[in-house]
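K.L.:
Quick one: this structure, given as C-alpha cells, is what I'll be asking you about.
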Amino acid sequence: MLTKTLKVIVLDRFDFRENDTKVILYSREMGKLGLVARGTKKLHSKLAGHLEPIILSQVMFVPGRNFNYIGSAKAENCFLGIKNSLNKIWLAGRVLSSFDKLIKEGQKDEDVFDFLFDFLNWLDNVHVKINEEFIYNIFILKLIQKLGYEPQLYKCSECNNNISSQLNFVFSKGGLVCFKCQQNLSIESMLIDKKLLNFLRLTFRSSFNDFIKSYNFLSNNFNCSLRRLRKILLFNIGDIYIDY
Ligand SMILES: [Zn+2]
C-alpha cells in the first residue's frame with residue numbers, strides 16, 4: 001500500500017501507547033479506518049487539534065508494518081455551529097457513535113461518506129430548534145437504507161402480495177407482512193398505521209436533506225414508533241446492539 005491523501009470525518013479517538021492516539025475515521029477514499037497518530041498525547045502536538053471527533057480533515061495515510069499511521073492532518077471544517085451547542089454536540093456524538101458501530105472497516109462507500117458529511121453540515125447550520133431524538137431516528141433509518149437494509153414497505157415480505165387492508169400491517173422480517181401471513185407466522189411484530197406508513201415511505205424515498213427541509217420536525221408524533229422500528233431494523237441486521 002502507498003501513502004495516500006484522504007478526506008476524512010473523525011468518528012472517535014482513544015489513547016494508544018504512551019504518547020499516541022488511535023483515531024477512528026471514515027474516509028471517502030477507503031471507508032472506515034483506525035489509524036495511529038503519533039505524539040498526539042503530547043502537549044504541543046501539531047496533529048491533535050486536526051483529529052478531534054466531529055471534524056472534517058485531510059489526512060496523509062501512511063501504511064506501516066503493524067499499524068497504519070497518520071502522517072499529517074489539516075482540518076477543513078471543524079463544524080463550529082455544532083461545537084457551540086451542547087444539544088448539537090450530544091446529537092452528533094450519538095450519531096457518530098452509532099455510525100461507528102454500524103460501519104465495518106475497509107468498506108469504501110462514497111455515498112455513505114457524503115450522507116454523513118451532509119448530515120453534519122446540516123446540523124452545523126440549522127438555526128431552528130430541533131428534536132434530537134427524531135433527527136437521530138431518521139439518520140439511523142436512512143443509514144440502514146444506505147447499507148442495503150431498506151425495509152419492504154409496499155408488498156408483503158412473505159407472499160409478495162400487495163397489502164390492501166391498511167390497518168392490519170405488521171412489521172417483521174425487516175418489512176411489512178400482510179394480515180394473513182402474520183397469522184401464520186406468529187412472530188413478534190409491530191402494528192403500523194397508514195399515517196406512519198406514509199411517513200416512512202417518504203423518509204426512505206427522499207434524501208436526508210430534502211426530507212428534513214420539507215418536514216416540520218417540531219410537530220411530529222412518531223418518535224415512539226420510530227424508536228421501536230429502529231430497534232427492530234437494527235436487530236434484523238444482526239449482531240448490533242445500539243441503545244441509549
Ligand atoms: Zn403475505
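Residue names in the C-alpha cells use chain letters A, B, ... in the order shown, residue numbers from 1 in each chain, and ligand numbers from 1 in the order shown.
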Would you give me, as CSV, each residue of segment 69-141 of chain A having an atom within 10 Å of an atom of segment 16-26 of chain A, along with its shortest atom pair and that distance in Å to one decimal, using only C-alpha atoms and sorting by chain and residue number?
P.N.:
```
residue,atom,partner,partner_atom,distance
A:Tyr69,CA,A:Lys22,CA,8.9
A:Ile70,CA,A:Val23,CA,8.8
A:Leu96,CA,A:Leu25,CA,9.9
A:Phe99,CA,A:Tyr26,CA,9.5
A:Asp100,CA,A:Ile24,CA,8.1
A:Ile103,CA,A:Tyr26,CA,9.0
A:Glu105,CA,A:Tyr26,CA,8.8
A:Gly106,CA,A:Tyr26,CA,9.3
A:Gln107,CA,A:Tyr26,CA,9.8
A:Lys108,CA,A:Tyr26,CA,8.9
A:Asp109,CA,A:Tyr26,CA,9.7
A:Val112,CA,A:Tyr26,CA,9.4
A:Phe113,CA,A:Tyr26,CA,7.1
A:Leu116,CA,A:Tyr26,CA,9.3
```
K.L.:
At a cut-off of 12 Å, can you tabulate as JSON lines every residue of segment 104-129 of chain A near segment 203-215 of chain A together with its closest atom pair and the distance in Å to one decimal, using only C-alpha atoms and ordering rows by chain then number?
P.N.:
```
{"residue": "A:Asp111", "atom": "CA", "partner": "A:Ser207", "partner_atom": "CA", "distance": 11.3}
{"residue": "A:Val112", "atom": "CA", "partner": "A:Phe208", "partner_atom": "CA", "distance": 11.7}
{"residue": "A:Asp114", "atom": "CA", "partner": "A:Phe208", "partner_atom": "CA", "distance": 10.9}
{"residue": "A:Phe115", "atom": "CA", "partner": "A:Phe208", "partner_atom": "CA", "distance": 7.7}
{"residue": "A:Leu116", "atom": "CA", "partner": "A:Phe208", "partner_atom": "CA", "distance": 9.9}
{"residue": "A:Phe117", "atom": "CA", "partner": "A:Asn209", "partner_atom": "CA", "distance": 11.1}
{"residue": "A:Asp118", "atom": "CA", "partner": "A:Asn209", "partner_atom": "CA", "distance": 7.4}
{"residue": "A:Phe119", "atom": "CA", "partner": "A:Phe208", "partner_atom": "CA", "distance": 7.5}
{"residue": "A:Leu120", "atom": "CA", "partner": "A:Asn209", "partner_atom": "CA", "distance": 10.9}
{"residue": "A:Asn121", "atom": "CA", "partner": "A:Asn209", "partner_atom": "CA", "distance": 10.0}
{"residue": "A:Trp122", "atom": "CA", "partner": "A:Asn209", "partner_atom": "CA", "distance": 7.6}
{"residue": "A:Leu123", "atom": "CA", "partner": "A:Asn209", "partner_atom": "CA", "distance": 10.5}
{"residue": "A:Val126", "atom": "CA", "partner": "A:Lys213", "partner_atom": "CA", "distance": 10.2}
{"residue": "A:Val128", "atom": "CA", "partner": "A:Lys213", "partner_atom": "CA", "distance": 11.5}
```
K.L.:
Give me, please, the distance in Å between atom CA of Leu141 of chain A and atom CA of Glu110 of chain A, quoted to one decimal.
P.N.:
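Rounded to one decimal, the two atoms are 18.1 Å apart.
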K.L.:
Skipping near chain neighbours, those fewer than 3 positions away, what residues fall within 10 Å of Leu196 of chain A using only C-alpha atoms, listed as a ChimeraX atom specification?
P.N.:
/A:191-193,199-202,221-222,225-226
K.L.:
Pick the closest to Thr5 of chain A from A:Leu56, A:Ala48, A:Ala37, A:Val62: which is it, counting only C-alpha atoms?
P.N.:
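Result for the nearest residue to Thr5 of chain A: A:Val62.
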K.L.:
Which residue, A:Asn223, A:Ser189, A:Asn198, A:Gln183, has the smallest gap to ligand 1 when you use only C-alpha atoms and all ligand atoms?
P.N.:
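Looking only at the distances to ligand 1, the closest residue turns out to be A:Gln183.
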K.L.:
Identify all residues of chain A in alpha helix (DSSP H) (DSSP on the backbone) and supply them as a ChimeraX atom specification.
P.N.:
/A:80-83,86-102,110-125,132-146,179-185,194-205,208-214,223-237
K.L.:
Using DSSP on the backbone coordinates, identify the residues of segment 90-192 of chain A assigned to strand (DSSP E); present them as an NGL selection string.
P.N.:
:A and (170-172 or 175-177)
K.L.:
Against ligand 1, which residues of chain A fall within 10 Å? For each one I want the closest pair of atoms and the distance in Å (one decimal), counting only C-alpha atoms and all ligand atoms, rows by chain and increasing residue number, as CSV.
P.N.:
```
residue,atom,partner,partner_atom_place_in_ligand_line,distance
A:Lys155,CA,ligand 1,1 (Zn),8.0
A:Cys156,CA,ligand 1,1 (Zn),4.6
A:Ser157,CA,ligand 1,1 (Zn),6.6
A:Glu158,CA,ligand 1,1 (Zn),4.9
A:Cys159,CA,ligand 1,1 (Zn),4.1
A:Asn160,CA,ligand 1,1 (Zn),6.1
A:Asn161,CA,ligand 1,1 (Zn),5.9
A:Asn162,CA,ligand 1,1 (Zn),8.2
A:Ile163,CA,ligand 1,1 (Zn),7.7
A:Leu176,CA,ligand 1,1 (Zn),8.5
A:Val177,CA,ligand 1,1 (Zn),5.4
A:Cys178,CA,ligand 1,1 (Zn),4.2
A:Phe179,CA,ligand 1,1 (Zn),6.8
A:Lys180,CA,ligand 1,1 (Zn),5.9
A:Cys181,CA,ligand 1,1 (Zn),4.3
A:Gln182,CA,ligand 1,1 (Zn),7.2
A:Gln183,CA,ligand 1,1 (Zn),9.5
A:Asn184,CA,ligand 1,1 (Zn),9.3
A:Leu185,CA,ligand 1,1 (Zn),9.8
```
K.L.:
So that I have them on file, write out the residues from the current selection with N, CA and C atoms, as a compact mmCIF listing (two decimals), in the first residue's frame.
P.N.:
```txt
# COMPACT_ATOMS: atom_id res chain seq x y z
N LYS A 155 -45.03 -4.22 -0.32
CA LYS A 155 -45.64 -5.53 -0.52
C LYS A 155 -45.39 -6.40 0.70
N CYS A 156 -46.10 -7.52 0.79
CA CYS A 156 -45.89 -8.45 1.88
C CYS A 156 -44.54 -9.14 1.71
N SER A 157 -43.71 -9.13 2.74
CA SER A 157 -42.38 -9.73 2.65
C SER A 157 -42.44 -11.24 2.53
N GLU A 158 -43.58 -11.83 2.88
CA GLU A 158 -43.73 -13.28 2.82
C GLU A 158 -44.30 -13.76 1.49
N CYS A 159 -45.49 -13.26 1.15
CA CYS A 159 -46.18 -13.79 -0.04
C CYS A 159 -46.09 -12.85 -1.24
N ASN A 160 -45.48 -11.69 -1.06
CA ASN A 160 -45.26 -10.74 -2.14
C ASN A 160 -46.54 -10.10 -2.69
N ASN A 161 -47.64 -10.33 -2.04
CA ASN A 161 -48.89 -9.69 -2.49
C ASN A 161 -48.93 -8.23 -2.05
N ASN A 162 -49.66 -7.44 -2.81
CA ASN A 162 -49.87 -6.07 -2.37
C ASN A 162 -50.69 -6.09 -1.08
N ILE A 163 -50.39 -5.15 -0.23
CA ILE A 163 -51.14 -5.11 1.02
C ILE A 163 -52.26 -4.09 0.88
N LEU A 176 -42.97 -5.19 5.80
CA LEU A 176 -44.38 -5.41 6.09
C LEU A 176 -44.78 -6.84 5.80
N VAL A 177 -45.72 -7.32 6.57
CA VAL A 177 -46.28 -8.64 6.31
C VAL A 177 -47.80 -8.48 6.34
N CYS A 178 -48.49 -9.13 5.39
CA CYS A 178 -49.94 -8.99 5.34
C CYS A 178 -50.59 -9.71 6.53
N PHE A 179 -51.82 -9.38 6.76
CA PHE A 179 -52.55 -9.91 7.92
C PHE A 179 -52.56 -11.45 7.91
N LYS A 180 -52.78 -12.02 6.72
CA LYS A 180 -52.88 -13.47 6.59
C LYS A 180 -51.55 -14.15 6.95
N CYS A 181 -50.47 -13.64 6.38
CA CYS A 181 -49.14 -14.22 6.65
C CYS A 181 -48.76 -14.03 8.11
N GLN A 182 -49.11 -12.89 8.65
CA GLN A 182 -48.79 -12.62 10.05
C GLN A 182 -49.43 -13.66 10.96
N GLN A 183 -50.64 -14.04 10.65
CA GLN A 183 -51.33 -15.04 11.49
C GLN A 183 -50.64 -16.40 11.41
N ASN A 184 -50.12 -16.73 10.23
CA ASN A 184 -49.41 -18.00 10.07
C ASN A 184 -48.04 -17.99 10.74
N LEU A 185 -47.41 -16.82 10.73
CA LEU A 185 -46.04 -16.74 11.24
C LEU A 185 -45.97 -16.71 12.76
```
K.L.:
May I ask which of the residues A:Ala92, A:Leu143, A:Ala75, A:Ile232 is the closest one to Gln58 of chain A, counting only C-alpha atoms?
P.N.:
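Closest to Gln58 of chain A of all the choices is A:Ala75.
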K.L.:
Near segment 147-149 of chain A, counting only C-alpha atoms, which residues have an atom at most 9 Å away, once you skip same-chain residues fewer than 5 positions from it, shown as a ChimeraX atom specification?
P.N.:
/A:102-103,112,142,174,233,236-237
K.L.:
Please indicate the distance in Å from atom CA of Met1 of chain A to atom CA of Gly49 of chain A, rounded to one decimal place.
P.N.:
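According to the coordinates, atom CA of Met1 of chain A and atom CA of Gly49 of chain A are separated by 26.7 Å.
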K.L.:
What gap, in Å, lies between atom CA of Gly31 of chain A and atom CA of Ser45 of chain A?
P.N.:
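Here the two named atoms are 25.8 Å from each other.
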K.L.:
Write out as a PyMOL selection string which residues come within 8 Å of Ala73 of chain A when counting only C-alpha atoms, dropping same-chain ones fewer than 3 positions away.
P.N.:
chain A and resi 47+50-51+57-60+70
K.L.:
Given the selection you just returned, output its residues as a file containing C-alpha atoms, formatted as a short mmCIF file (atom, residue, chain, number, x, y, z; two decimals), in the first residue's frame.
P.N.:
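Below is the file that was written, out_24.cif:
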```
data_model
loop_
_atom_site.label_atom_id
_atom_site.label_comp_id
_atom_site.auth_asym_id
_atom_site.auth_seq_id
_atom_site.Cartn_x
_atom_site.Cartn_y
_atom_site.Cartn_z
CA LEU A 47 -1.72 16.88 14.77
CA HIS A 50 -6.97 18.39 13.49
CA LEU A 51 -8.08 14.95 14.64
CA SER A 57 -9.92 16.77 7.84
CA GLN A 58 -7.50 15.99 5.11
CA VAL A 59 -5.01 13.41 6.35
CA MET A 60 -1.98 11.66 4.96
CA ILE A 70 -1.47 9.45 10.03
#
```
K.L.:
Nearest residue to Gly71 of chain A out of A:Gln145, A:Asn137, A:Thr3, A:Gln152, using only C-alpha atoms?
P.N.:
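Of the candidates, the smallest distance to Gly71 of chain A is held by A:Thr3.
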